[in-house]
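Q: My structure is stored as input16.txt, with compact mmCIF, C-alpha atoms.
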# COMPACT_ATOMS: atom_id res chain seq x y z
CA MET A 1 8.21 0.54 27.46
CA LYS A 2 6.97 1.42 30.91
CA LYS A 3 4.60 4.36 30.45
CA ILE A 4 1.55 2.20 31.14
CA ILE A 5 2.77 1.45 34.68
CA THR A 6 1.87 4.85 36.11
CA PHE A 7 -1.58 4.67 34.62
CA MET A 8 -2.06 1.17 36.02
CA LEU A 9 -1.68 2.54 39.53
CA LEU A 10 -4.62 4.85 38.95
CA GLY A 11 -6.77 1.98 37.80
CA SER A 12 -6.10 -0.21 40.88
CA LEU A 13 -3.96 -2.42 38.69
CA SER A 14 -6.84 -4.35 37.18
CA THR A 15 -6.02 -7.27 34.94
CA ALA A 16 -7.37 -5.52 31.87
CA LEU A 17 -5.17 -2.48 32.40
CA LEU A 18 -2.06 -4.58 32.73
CA ALA A 19 -2.28 -4.96 28.97
CA TYR A 20 0.17 -2.59 27.34
CA SER A 21 -0.07 -0.59 24.11
CA ASP A 22 1.95 -2.11 21.29
CA MET A 23 0.60 -0.56 18.11
CA ASP A 24 3.36 -2.05 15.96
CA MET A 25 3.11 -5.58 17.35
CA ASP A 26 6.86 -5.89 17.76
CA GLY A 27 7.02 -7.41 21.22
CA VAL A 28 7.84 -4.14 22.93
CA ASP A 29 5.77 -1.13 23.93
CA ASP A 30 5.28 1.89 21.66
CA SER A 31 8.88 3.05 22.16
CA VAL A 32 10.08 1.26 19.03
CA ASP A 33 8.42 1.25 15.64
CA LYS A 34 8.56 -1.95 13.66
CA CYS A 35 6.97 -2.28 10.23
CA PRO A 36 6.24 -6.00 9.78
CA ASN A 37 4.25 -5.35 6.58
CA THR A 38 7.21 -4.07 4.56
CA PRO A 39 8.89 -6.05 1.73
CA LEU A 40 12.47 -6.87 2.62
CA THR A 41 13.62 -6.51 -0.99
CA ASP A 42 13.23 -2.74 -0.64
CA LEU A 43 15.82 -0.51 0.94
CA VAL A 44 14.77 -0.81 4.57
CA ASP A 45 15.83 0.14 8.04
CA ILE A 46 16.64 -2.60 10.55
CA ASN A 47 12.97 -2.89 11.52
CA GLY A 48 11.77 -3.42 7.96
CA CYS A 49 10.31 0.04 7.34
CA THR A 50 10.67 0.91 3.67
CA LYS A 51 12.91 3.84 2.86
CA LYS A 52 12.98 3.78 -0.90
CA VAL A 53 11.70 1.42 -3.60
CA ILE A 54 14.78 0.87 -5.74
CA LYS A 55 16.48 -1.62 -7.99
CA VAL A 56 19.82 -2.17 -6.29
CA SER A 57 22.67 -1.79 -8.77
CA LYS A 58 26.32 -2.52 -8.07
CA THR A 59 26.98 1.23 -7.77
CA THR A 60 24.08 1.81 -5.38
CA ALA A 61 24.90 -1.22 -3.26
CA ALA A 62 28.50 -0.12 -2.77
CA THR A 63 27.57 3.39 -1.59
CA ALA A 64 26.79 4.46 1.95
CA HIS A 65 23.42 6.16 2.47
CA PHE A 66 21.55 7.85 5.29
CA ASP A 67 18.02 8.88 6.06
CA ILE A 68 16.07 10.78 8.68
CA VAL A 69 12.43 9.98 9.47
CA VAL A 70 9.90 11.88 11.59
CA GLY A 71 6.54 10.40 12.56
CA ALA A 72 3.25 10.97 14.33
CA ASN A 73 1.51 8.02 16.02
CA TYR A 74 -1.79 7.32 17.78
CA ALA A 75 -3.07 4.38 19.85
CA GLY A 76 -6.49 4.24 21.50
CA SER A 77 -8.00 1.72 23.93
CA ASN A 78 -11.35 1.44 25.68
CA PHE A 79 -11.22 -1.47 28.13
CA VAL A 80 -14.41 -2.51 29.93
CA THR A 81 -13.09 -1.91 33.45
CA THR A 82 -11.06 1.25 32.79
CA PRO A 83 -11.57 4.66 31.14
CA ALA A 84 -10.81 5.17 27.46
CA THR A 85 -7.16 6.02 26.89
CA ASP A 86 -5.55 7.87 23.97
CA THR A 87 -1.79 7.89 23.45
CA TYR A 88 -0.11 10.22 20.96
CA SER A 89 3.58 10.21 20.14
CA THR A 90 6.10 11.87 17.85
CA SER A 91 9.20 10.00 16.74
CA LEU A 92 12.63 10.69 15.27
CA GLN A 93 14.66 8.02 13.50
CA LEU A 94 18.14 8.05 11.92
CA ASP A 95 19.46 5.28 9.67
CA TYR A 96 22.75 4.37 7.98
CA TYR A 97 23.06 1.84 5.14
CA TYR A 98 26.04 0.21 3.47
CA LYS A 99 25.40 -2.67 1.09
CA ASP A 100 23.33 -5.20 3.11
CA PHE A 101 24.29 -3.74 6.48
CA SER A 102 22.31 -1.08 8.36
CA LEU A 103 22.37 0.82 11.65
CA GLN A 104 19.53 2.67 13.34
CA ALA A 105 18.87 5.01 16.26
CA SER A 106 15.36 6.16 17.21
CA THR A 107 13.48 7.83 20.02
CA SER A 108 9.99 9.21 20.67
CA TYR A 109 7.99 11.49 22.94
CA TYR A 110 4.49 10.49 24.09
CA THR A 111 1.38 12.04 25.64
CA THR A 112 -1.30 9.85 27.27
CA ASP A 113 -4.79 11.23 27.95
CA SER A 114 -7.59 9.56 29.91
CA ASP A 115 -10.48 10.49 32.18
CA GLY A 116 -8.96 12.82 34.77
CA TYR A 117 -5.42 11.70 34.01
CA ASN A 118 -2.61 12.63 31.63
CA GLU A 119 1.08 11.83 31.35
CA ASN A 120 3.87 12.70 28.95
CA GLY A 121 7.57 12.11 28.50
CA MET A 122 10.22 10.17 26.60
CA ASN A 123 9.74 6.56 25.62
CA ASP A 124 12.64 4.14 25.70
CA SER A 125 15.10 4.78 22.85
CA PHE A 126 16.45 2.20 20.40
CA VAL A 127 19.86 1.51 18.83
CA GLY A 128 20.70 -1.52 16.72
CA GLY A 129 21.93 -3.06 13.51
CA ALA A 130 20.90 -5.64 10.92
CA TYR A 131 22.20 -7.59 7.95
CA ASN A 132 20.34 -8.88 4.89
CA PHE A 133 21.08 -12.29 3.38
CA HIS A 134 19.99 -13.41 -0.11
CA PRO A 135 20.04 -17.23 -0.29
CA LEU A 136 17.83 -17.05 -3.41
CA LYS A 137 17.21 -14.26 -5.90
CA ALA A 138 13.62 -13.89 -4.73
CA LEU A 139 14.27 -14.60 -1.04
CA THR A 140 15.64 -12.13 1.49
CA LEU A 141 16.42 -12.95 5.12
CA ARG A 142 17.21 -10.21 7.62
CA VAL A 143 18.79 -10.75 11.04
CA GLY A 144 18.74 -7.86 13.49
CA MET A 145 19.90 -7.10 17.02
CA GLY A 146 19.45 -4.03 19.18
CA ALA A 147 18.96 -2.50 22.60
CA LEU A 148 16.12 -0.55 24.18
CA LEU A 149 17.77 2.16 26.27
CA PRO A 150 15.92 3.14 29.48
CA THR A 151 15.16 6.77 28.58
CA TYR A 152 11.60 6.48 29.95
CA ASP A 153 11.35 8.07 33.40
CA THR A 154 9.36 5.66 35.58
CA SER A 155 8.40 6.37 39.18
CA LEU A 156 9.05 2.69 39.94
CA ASN A 157 12.77 3.16 39.25
CA ASN A 158 12.94 -0.31 37.69
CA ASN A 159 13.63 0.53 34.05
CA ASN A 160 16.68 -1.27 32.64
CA THR A 161 18.14 -1.83 29.18
CA ASP A 162 16.25 -4.48 27.21
CA TYR A 163 17.65 -6.40 24.23
CA VAL A 164 15.92 -7.29 20.96
CA GLY A 165 16.68 -9.92 18.32
CA SER A 166 14.72 -10.39 15.10
CA LEU A 167 14.51 -12.64 12.06
CA ASN A 168 12.44 -11.67 9.01
CA ALA A 169 11.88 -13.26 5.62
CA SER A 170 10.34 -12.06 2.36
CA TYR A 171 9.74 -13.96 -0.87
CA MET A 172 8.93 -12.03 -4.05
CA PHE A 173 6.82 -13.38 -6.89
CA GLY A 174 6.19 -10.80 -9.60
CA LYS A 175 4.85 -7.62 -8.02
CA ALA A 176 3.72 -9.43 -4.86
CA ASN A 177 5.53 -10.73 -1.81
CA ILE A 178 4.77 -12.96 1.14
CA PHE A 179 6.56 -12.15 4.38
CA GLY A 180 6.89 -13.22 7.99
CA GLY A 181 8.80 -12.13 11.04
CA TYR A 182 9.82 -13.12 14.55
CA VAL A 183 11.04 -10.79 17.32
CA PHE A 184 12.42 -11.80 20.72
CA THR A 185 12.76 -9.21 23.48
CA LYS A 186 14.89 -9.87 26.56
CA VAL A 187 13.12 -7.82 29.23
CA ASN A 188 15.46 -6.86 32.08
CA ASP A 189 13.17 -4.61 34.13
CA ASP A 190 13.07 -5.35 37.84
CA ASP A 191 9.93 -6.95 39.28
CA VAL A 192 8.25 -4.74 41.89
CA VAL A 193 5.77 -5.13 44.74
CA LEU A 194 3.37 -2.20 45.14
CA SER A 195 1.59 -1.25 48.34
CA LEU A 196 -2.08 -0.35 47.81
CA HIS A 197 -4.74 1.20 50.04
CA GLY A 198 -2.29 2.32 52.69
CA GLY A 199 -0.54 -1.01 52.81
CA ALA A 200 -3.69 -3.09 53.24
CA GLN A 201 -3.02 -4.82 49.91
CA THR A 202 -0.02 -5.48 47.72
CA GLN A 203 0.26 -5.96 43.97
CA ASN A 204 3.10 -7.79 42.25
CA ILE A 205 4.23 -6.51 38.85
CA LEU A 206 6.16 -9.33 37.20
CA TYR A 207 7.91 -8.96 33.85
CA LYS A 208 8.89 -11.61 31.33
CA ASP A 209 10.68 -11.98 28.00
CA THR A 210 8.43 -11.74 24.95
CA ASN A 211 8.00 -13.32 21.53
CA ALA A 212 6.22 -11.67 18.61
CA TYR A 213 5.15 -13.07 15.25
CA SER A 214 3.75 -11.56 12.05
CA ALA A 215 2.85 -12.79 8.57
CA GLY A 216 1.23 -11.18 5.57
CA LEU A 217 1.02 -10.34 1.88
CA GLY A 218 2.08 -7.24 -0.04
CA TYR A 219 1.74 -5.85 -3.56
CA TYR A 220 3.34 -3.08 -5.63
CA LEU A 221 0.46 -1.14 -7.17
CA THR A 222 3.00 1.04 -9.01
CA ASN A 223 6.77 1.45 -8.86
CA LYS A 224 6.16 4.16 -6.22
CA LEU A 225 3.25 2.72 -4.23
CA TYR A 226 3.33 -0.47 -2.15
CA VAL A 227 0.54 -1.79 0.09
CA SER A 228 0.30 -4.79 2.40
CA GLY A 229 -1.75 -6.47 5.10
CA ALA A 230 -0.65 -8.66 8.00
CA TYR A 231 -1.69 -10.63 11.06
CA ASN A 232 0.35 -9.94 14.20
CA GLN A 233 0.58 -11.62 17.60
CA THR A 234 2.67 -10.36 20.51
CA GLU A 235 3.19 -11.62 24.04
CA SER A 236 2.74 -9.12 26.85
CA ILE A 237 5.75 -8.05 28.90
CA TYR A 238 3.60 -8.75 31.98
CA LYS A 239 2.96 -12.24 33.30
CA SER A 240 -0.64 -13.55 33.28
CA VAL A 241 -1.73 -11.22 30.45
CA GLU A 242 -3.00 -12.67 27.17
CA ASP A 243 -1.23 -12.13 23.84
CA ALA A 244 -2.07 -8.98 21.90
CA LYS A 245 -3.46 -9.81 18.45
CA THR A 246 -4.06 -7.39 15.58
CA VAL A 247 -4.57 -7.16 11.85
CA SER A 248 -2.77 -4.31 10.16
CA GLY A 249 -2.46 -2.45 6.88
CA TYR A 250 0.53 -0.57 5.52
CA ALA A 251 1.20 1.76 2.57
CA TYR A 252 4.47 3.22 1.34
CA TYR A 253 4.81 6.00 -1.24
CA SER A 254 8.00 7.28 -2.86
CA ILE A 255 7.50 11.02 -3.44
CA ASP A 256 10.73 11.55 -5.39
CA LYS A 257 14.33 10.33 -5.33
CA ASN A 258 14.82 11.67 -1.79
CA TRP A 259 11.45 12.04 -0.05
CA PHE A 260 9.15 9.18 0.99
CA MET A 261 6.27 8.55 3.36
CA ASN A 262 4.39 5.62 4.87
CA LEU A 263 1.07 5.07 6.59
CA SER A 264 0.00 2.23 8.87
CA TYR A 265 -3.14 1.18 10.72
CA ALA A 266 -3.77 -1.69 13.16
CA TYR A 267 -7.06 -3.02 14.52
CA GLY A 268 -7.07 -4.88 17.81
CA LEU A 269 -8.51 -8.40 17.85
CA SER A 270 -7.85 -9.13 21.53
CA ASP A 271 -8.67 -7.28 24.75
CA SER A 272 -4.97 -6.79 25.43
CA ALA A 273 -4.33 -4.94 22.15
CA SER A 274 -5.05 -1.29 21.38
CA ASP A 275 -8.48 -0.95 19.76
CA HIS A 276 -7.09 1.27 17.02
CA ALA A 277 -3.57 2.43 16.18
CA ALA A 278 -2.25 4.51 13.31
CA SER A 279 0.92 6.27 12.22
CA ILE A 280 2.18 8.55 9.47
CA LYS A 281 5.87 9.06 8.73
CA LEU A 282 7.86 11.32 6.44
CA GLY A 283 11.45 10.59 5.52
CA TYR A 284 14.38 12.04 3.60
CA TYR A 285 16.92 9.68 2.03
CA PHE A 286 20.37 10.74 0.84
What does this structure look like when you write it as structure tokens?
A:
Amino acid sequence: MKKIITFMLLGSLSTALLAYSDMDMDGVDDSVDKCPNTPLTDLVDINGCTKKVIKVSKTTAATAHFDIVVGANYAGSNFVTTPATDTYSTSLQLDYYYKDFSLQASTSYYTTDSDGYNENGMNDSFVGGAYNFHPLKALTLRVGMGALLPTYDTSLNNNNTDYVGSLNASYMFGKANIFGGYVFTKVNDDDVVLSLHGGAQTQNILYKDTNAYSAGLGYYLTNKLYVSGAYNQTESIYKSVEDAKTVSGYAYYSIDKNWFMNLSYAYGLSDSASDHAASIKLGYYF
């Protein structure tokens, strides 16, 4: 969650650069991948990312399952007052499912490139769980909770465990679904005061809890291919920075009974969002 901090120091901590990269619009930085465009009636991980398009039978629902997912991600920004920045990351995700209950652990490694500057290392890692409720046949509600573990190595030494809670809903009608989600992140990082220009100036970095919202529509083109689009809005973890707003597209394809993949793209509507962000993921379900 904190990789942007080091880069901010190089840019004299301008207001524009205080905006962080959140390609998934989940209320946290790129350390955790959420998939707000995914139908909750599919077999999903705790963040809503589709694992397998299935019709859940009594036998399937009573059996424990696992999956492993690897991904490649990109986020690019070109703010007016700072150099263009490209961030690449690779991710690893493990999931466990039993009936309507699921557990997840994920981590990622990033590389940031800019004019005369580069940085790489681990992002924060995520562990959590979720439970699906079915108040109506066509309606699914999912409640999730988790923790962002401070595996990112920040020179500010202020990285602490953050906590995430989420509520998502999906309503199916035929081959289409309408969905929405809310994510709250309890940010526990310590505020810091930086000394600039040999102590002539100081800069306060103040953190705050965040709220994120998403809503959209999806459609099953075939029993193996699902696509969707969504609008997303996320508060910044930094005080006095505007919300990041994006529109995003998502596609999921079931290759066979075990293998699946998904693609996502987000376009930034606000100055605080990444201009462009994309990801591709490949998973194995068993």
Q: Using Å and a single decimal, report how far atom CA of Ser106 of chain A sits from atom CA of Tyr163 of chain A.
A: 14.6 Å
Q: Rank A:Asp275, A:Asp256, A:Asp100, A:Asp209 by their smallest atom-to-atom distance to Thr85 of chain A, using only C-alpha atoms, and report the top residue only.
A: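 Using only C-alpha atoms, the shortest distance to Thr85 of chain A belongs to A:Asp275.
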Q: Provide the atom CA of Gly283 of chain A to atom CA of Ser89 of chain A distance in Å, to one decimal place.
A: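 Interatomic distance here is 16.6 Å.
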Q: Taking into account only C-alpha atoms, which residue in the set A:Tyr96, A:Tyr110, A:Asp162, A:Ser270 is nearest to Tyr74 of chain A?
A: A:Tyr110
Q: Could you please determine the separation between atom CA of Val187 of chain A and atom CA of Lys208 of chain A in Å, to one decimal place?
A: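 Going from atom CA of Val187 of chain A over to atom CA of Lys208 of chain A, I get 6.1 Å.
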Q: Which residue out of A:Gly76, A:Gly268, A:Gly216, A:Gly146 has the minimum interatomic distance to Thr234 of chain A when only C-alpha atoms are used?
A: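 Counting only C-alpha atoms, the residue closest to Thr234 of chain A is A:Gly268.
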Q: A:Asn258, A:Thr112, A:Asn159, A:Asn168: which is nearest Ala75 of chain A, counting all atoms listed in the file?
A: A:Thr112
Q: Which neighbours of Gln233 of chain A fall inside 6 Å, counting only C-alpha atoms, when residues of the same chain fewer than 5 positions from it are skipped, and could you give them as a list in words?
A: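 Using only C-alpha atoms, the neighbours found are Ala212, Tyr213, Ala244 and Lys245 of chain A.
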Q: Which is closest to Leu139 of chain A among A:Gly165, A:Gly180, A:Gly198, A:Gly116, if we use all atoms listed in the file?
A: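 Under the stated criterion, the closest residue is A:Gly180.
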Q: Pick out the residues sitting within 7 Å of Leu194 of chain A, and hand them over as a list in words; count only C-alpha atoms, and ignore anything fewer than 5 positions along from it in its own chain.
A: Thr202, Gln203 and Asn204 of chain A
Q: Ranking A:Thr87, A:Asn160, A:Ser214, A:Ser274 by minimum distance to Val183 of chain A and counting only C-alpha atoms, which one comes first?
A: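 Distance minimum relative to Val183 of chain A lands on A:Ser214.
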Q: Counting only C-alpha atoms, what is within 9 Å of Thr90 of chain A, bar same-chain residues fewer than 5 positions away, as a PyMOL selection string?
A: chain A and resi 70-73+107-110
Q: Next, the residues of the selection above should be written as a short mmCIF file (atom, residue, chain, number, x, y, z; two decimals), keeping the file's coordinate frame with C-alpha atoms.
A:
data_model
loop_
_atom_site.label_atom_id
_atom_site.label_comp_id
_atom_site.auth_asym_id
_atom_site.auth_seq_id
_atom_site.Cartn_x
_atom_site.Cartn_y
_atom_site.Cartn_z
CA VAL A 70 9.90 11.88 11.59
CA GLY A 71 6.54 10.40 12.56
CA ALA A 72 3.25 10.97 14.33
CA ASN A 73 1.51 8.02 16.02
CA THR A 107 13.48 7.83 20.02
CA SER A 108 9.99 9.21 20.67
CA TYR A 109 7.99 11.49 22.94
CA TYR A 110 4.49 10.49 24.09
#
Q: Identify the residues within 10 Å of coordinate (4.7, 6.8, -0.4) (same frame as the file), considering all atoms listed in the file, and give the answer as number ranges by chain.
A: A: 50-53, 224-227, 251-256, 259-263, 281-283
Q: Within 7 Å of Tyr97 of chain A, counting only C-alpha atoms, which residues show up once you throw out same-chain ones fewer than 6 positions away? Write them as a VMD selection string, please.
A: chain A and resid 64 to 66 103
Q: Taking the partial coordinates given, rebuild segment 68-99 of chain A to contain N, CA and C atoms; return it as a PDB file, keeping the file's coordinate frame.
A:
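Writing done, so here's result13.pdb:
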ATOM      1  N   ILE A  68      16.656  10.267   7.449  1.00  0.00           N
ATOM      2  CA  ILE A  68      16.070  10.780   8.680  1.00  0.00           C
ATOM      3  C   ILE A  68      14.557  10.718   8.519  1.00  0.00           C
ATOM      4  N   VAL A  69      13.873  10.206   9.540  1.00  0.00           N
ATOM      5  CA  VAL A  69      12.430   9.980   9.470  1.00  0.00           C
ATOM      6  C   VAL A  69      11.762  10.581  10.700  1.00  0.00           C
ATOM      7  N   VAL A  70      10.703  11.354  10.484  1.00  0.00           N
ATOM      8  CA  VAL A  70       9.900  11.880  11.590  1.00  0.00           C
ATOM      9  C   VAL A  70       8.498  11.282  11.464  1.00  0.00           C
ATOM     10  N   GLY A  71       7.846  11.050  12.599  1.00  0.00           N
ATOM     11  CA  GLY A  71       6.540  10.400  12.560  1.00  0.00           C
ATOM     12  C   GLY A  71       5.596  10.904  13.622  1.00  0.00           C
ATOM     13  N   ALA A  72       4.308  10.693  13.363  1.00  0.00           N
ATOM     14  CA  ALA A  72       3.250  10.970  14.330  1.00  0.00           C
ATOM     15  C   ALA A  72       2.433   9.701  14.489  1.00  0.00           C
ATOM     16  N   ASN A  73       2.155   9.302  15.741  1.00  0.00           N
ATOM     17  CA  ASN A  73       1.510   8.020  16.020  1.00  0.00           C
ATOM     18  C   ASN A  73       0.352   8.199  16.998  1.00  0.00           C
ATOM     19  N   TYR A  74      -0.632   7.300  16.878  1.00  0.00           N
ATOM     20  CA  TYR A  74      -1.790   7.320  17.780  1.00  0.00           C
ATOM     21  C   TYR A  74      -2.157   5.886  18.145  1.00  0.00           C
ATOM     22  N   ALA A  75      -2.535   5.670  19.404  1.00  0.00           N
ATOM     23  CA  ALA A  75      -3.070   4.380  19.850  1.00  0.00           C
ATOM     24  C   ALA A  75      -4.192   4.660  20.841  1.00  0.00           C
ATOM     25  N   GLY A  76      -5.342   4.030  20.630  1.00  0.00           N
ATOM     26  CA  GLY A  76      -6.490   4.240  21.500  1.00  0.00           C
ATOM     27  C   GLY A  76      -7.056   2.941  22.011  1.00  0.00           C
ATOM     28  N   SER A  77      -7.420   2.908  23.306  1.00  0.00           N
ATOM     29  CA  SER A  77      -8.000   1.720  23.930  1.00  0.00           C
ATOM     30  C   SER A  77      -9.187   2.116  24.774  1.00  0.00           C
ATOM     31  N   ASN A  78     -10.159   1.205  24.863  1.00  0.00           N
ATOM     32  CA  ASN A  78     -11.350   1.440  25.680  1.00  0.00           C
ATOM     33  C   ASN A  78     -11.721   0.137  26.357  1.00  0.00           C
ATOM     34  N   PHE A  79     -10.977  -0.224  27.414  1.00  0.00           N
ATOM     35  CA  PHE A  79     -11.220  -1.470  28.130  1.00  0.00           C
ATOM     36  C   PHE A  79     -12.503  -1.357  28.956  1.00  0.00           C
ATOM     37  N   VAL A  80     -13.125  -2.486  29.227  1.00  0.00           N
ATOM     38  CA  VAL A  80     -14.410  -2.510  29.930  1.00  0.00           C
ATOM     39  C   VAL A  80     -14.284  -1.949  31.333  1.00  0.00           C
ATOM     40  N   THR A  81     -13.208  -2.272  32.037  1.00  0.00           N
ATOM     41  CA  THR A  81     -13.090  -1.910  33.450  1.00  0.00           C
ATOM     42  C   THR A  81     -12.297  -0.628  33.690  1.00  0.00           C
ATOM     43  N   THR A  82     -11.859   0.041  32.624  1.00  0.00           N
ATOM     44  CA  THR A  82     -11.060   1.250  32.790  1.00  0.00           C
ATOM     45  C   THR A  82     -11.510   2.314  31.801  1.00  0.00           C
ATOM     46  N   PRO A  83     -11.192   3.592  32.062  1.00  0.00           N
ATOM     47  CA  PRO A  83     -11.570   4.660  31.140  1.00  0.00           C
ATOM     48  C   PRO A  83     -10.856   4.530  29.799  1.00  0.00           C
ATOM     49  N   ALA A  84     -11.460   5.138  28.769  1.00  0.00           N
ATOM     50  CA  ALA A  84     -10.810   5.170  27.460  1.00  0.00           C
ATOM     51  C   ALA A  84      -9.492   5.922  27.555  1.00  0.00           C
ATOM     52  N   THR A  85      -8.501   5.436  26.840  1.00  0.00           N
ATOM     53  CA  THR A  85      -7.160   6.020  26.890  1.00  0.00           C
ATOM     54  C   THR A  85      -6.669   6.293  25.474  1.00  0.00           C
ATOM     55  N   ASP A  86      -6.140   7.496  25.256  1.00  0.00           N
ATOM     56  CA  ASP A  86      -5.550   7.870  23.970  1.00  0.00           C
ATOM     57  C   ASP A  86      -4.081   8.207  24.190  1.00  0.00           C
ATOM     58  N   THR A  87      -3.221   7.622  23.373  1.00  0.00           N
ATOM     59  CA  THR A  87      -1.790   7.890  23.450  1.00  0.00           C
ATOM     60  C   THR A  87      -1.305   8.431  22.112  1.00  0.00           C
ATOM     61  N   TYR A  88      -0.678   9.598  22.151  1.00  0.00           N
ATOM     62  CA  TYR A  88      -0.110  10.220  20.960  1.00  0.00           C
ATOM     63  C   TYR A  88       1.409  10.276  21.138  1.00  0.00           C
ATOM     64  N   SER A  89       2.130  10.122  20.049  1.00  0.00           N
ATOM     65  CA  SER A  89       3.580  10.210  20.140  1.00  0.00           C
ATOM     66  C   SER A  89       4.170  10.770  18.855  1.00  0.00           C
ATOM     67  N   THR A  90       5.308  11.420  18.990  1.00  0.00           N
ATOM     68  CA  THR A  90       6.100  11.870  17.850  1.00  0.00           C
ATOM     69  C   THR A  90       7.443  11.155  17.914  1.00  0.00           C
ATOM     70  N   SER A  91       7.980  10.805  16.764  1.00  0.00           N
ATOM     71  CA  SER A  91       9.200  10.000  16.740  1.00  0.00           C
ATOM     72  C   SER A  91      10.239  10.590  15.801  1.00  0.00           C
ATOM     73  N   LEU A  92      11.499  10.290  16.104  1.00  0.00           N
ATOM     74  CA  LEU A  92      12.630  10.690  15.270  1.00  0.00           C
ATOM     75  C   LEU A  92      13.522   9.473  15.085  1.00  0.00           C
ATOM     76  N   GLN A  93      13.909   9.231  13.837  1.00  0.00           N
ATOM     77  CA  GLN A  93      14.660   8.020  13.500  1.00  0.00           C
ATOM     78  C   GLN A  93      15.784   8.367  12.533  1.00  0.00           C
ATOM     79  N   LEU A  94      16.982   7.853  12.782  1.00  0.00           N
ATOM     80  CA  LEU A  94      18.140   8.050  11.920  1.00  0.00           C
ATOM     81  C   LEU A  94      18.668   6.690  11.490  1.00  0.00           C
ATOM     82  N   ASP A  95      18.998   6.557  10.200  1.00  0.00           N
ATOM     83  CA  ASP A  95      19.460   5.280   9.670  1.00  0.00           C
ATOM     84  C   ASP A  95      20.718   5.459   8.819  1.00  0.00           C
ATOM     85  N   TYR A  96      21.549   4.435   8.823  1.00  0.00           N
ATOM     86  CA  TYR A  96      22.750   4.370   7.980  1.00  0.00           C
ATOM     87  C   TYR A  96      22.737   3.029   7.257  1.00  0.00           C
ATOM     88  N   TYR A  97      23.048   3.053   5.948  1.00  0.00           N
ATOM     89  CA  TYR A  97      23.060   1.840   5.140  1.00  0.00           C
ATOM     90  C   TYR A  97      24.374   1.707   4.380  1.00  0.00           C
ATOM     91  N   TYR A  98      24.906   0.506   4.336  1.00  0.00           N
ATOM     92  CA  TYR A  98      26.040   0.210   3.470  1.00  0.00           C
ATOM     93  C   TYR A  98      25.891  -1.228   2.982  1.00  0.00           C
ATOM     94  N   LYS A  99      25.673  -1.372   1.678  1.00  0.00           N
ATOM     95  CA  LYS A  99      25.400  -2.670   1.090  1.00  0.00           C
ATOM     96  C   LYS A  99      24.223  -3.328   1.830  1.00  0.00           C
TER      97      LYS A  99
END
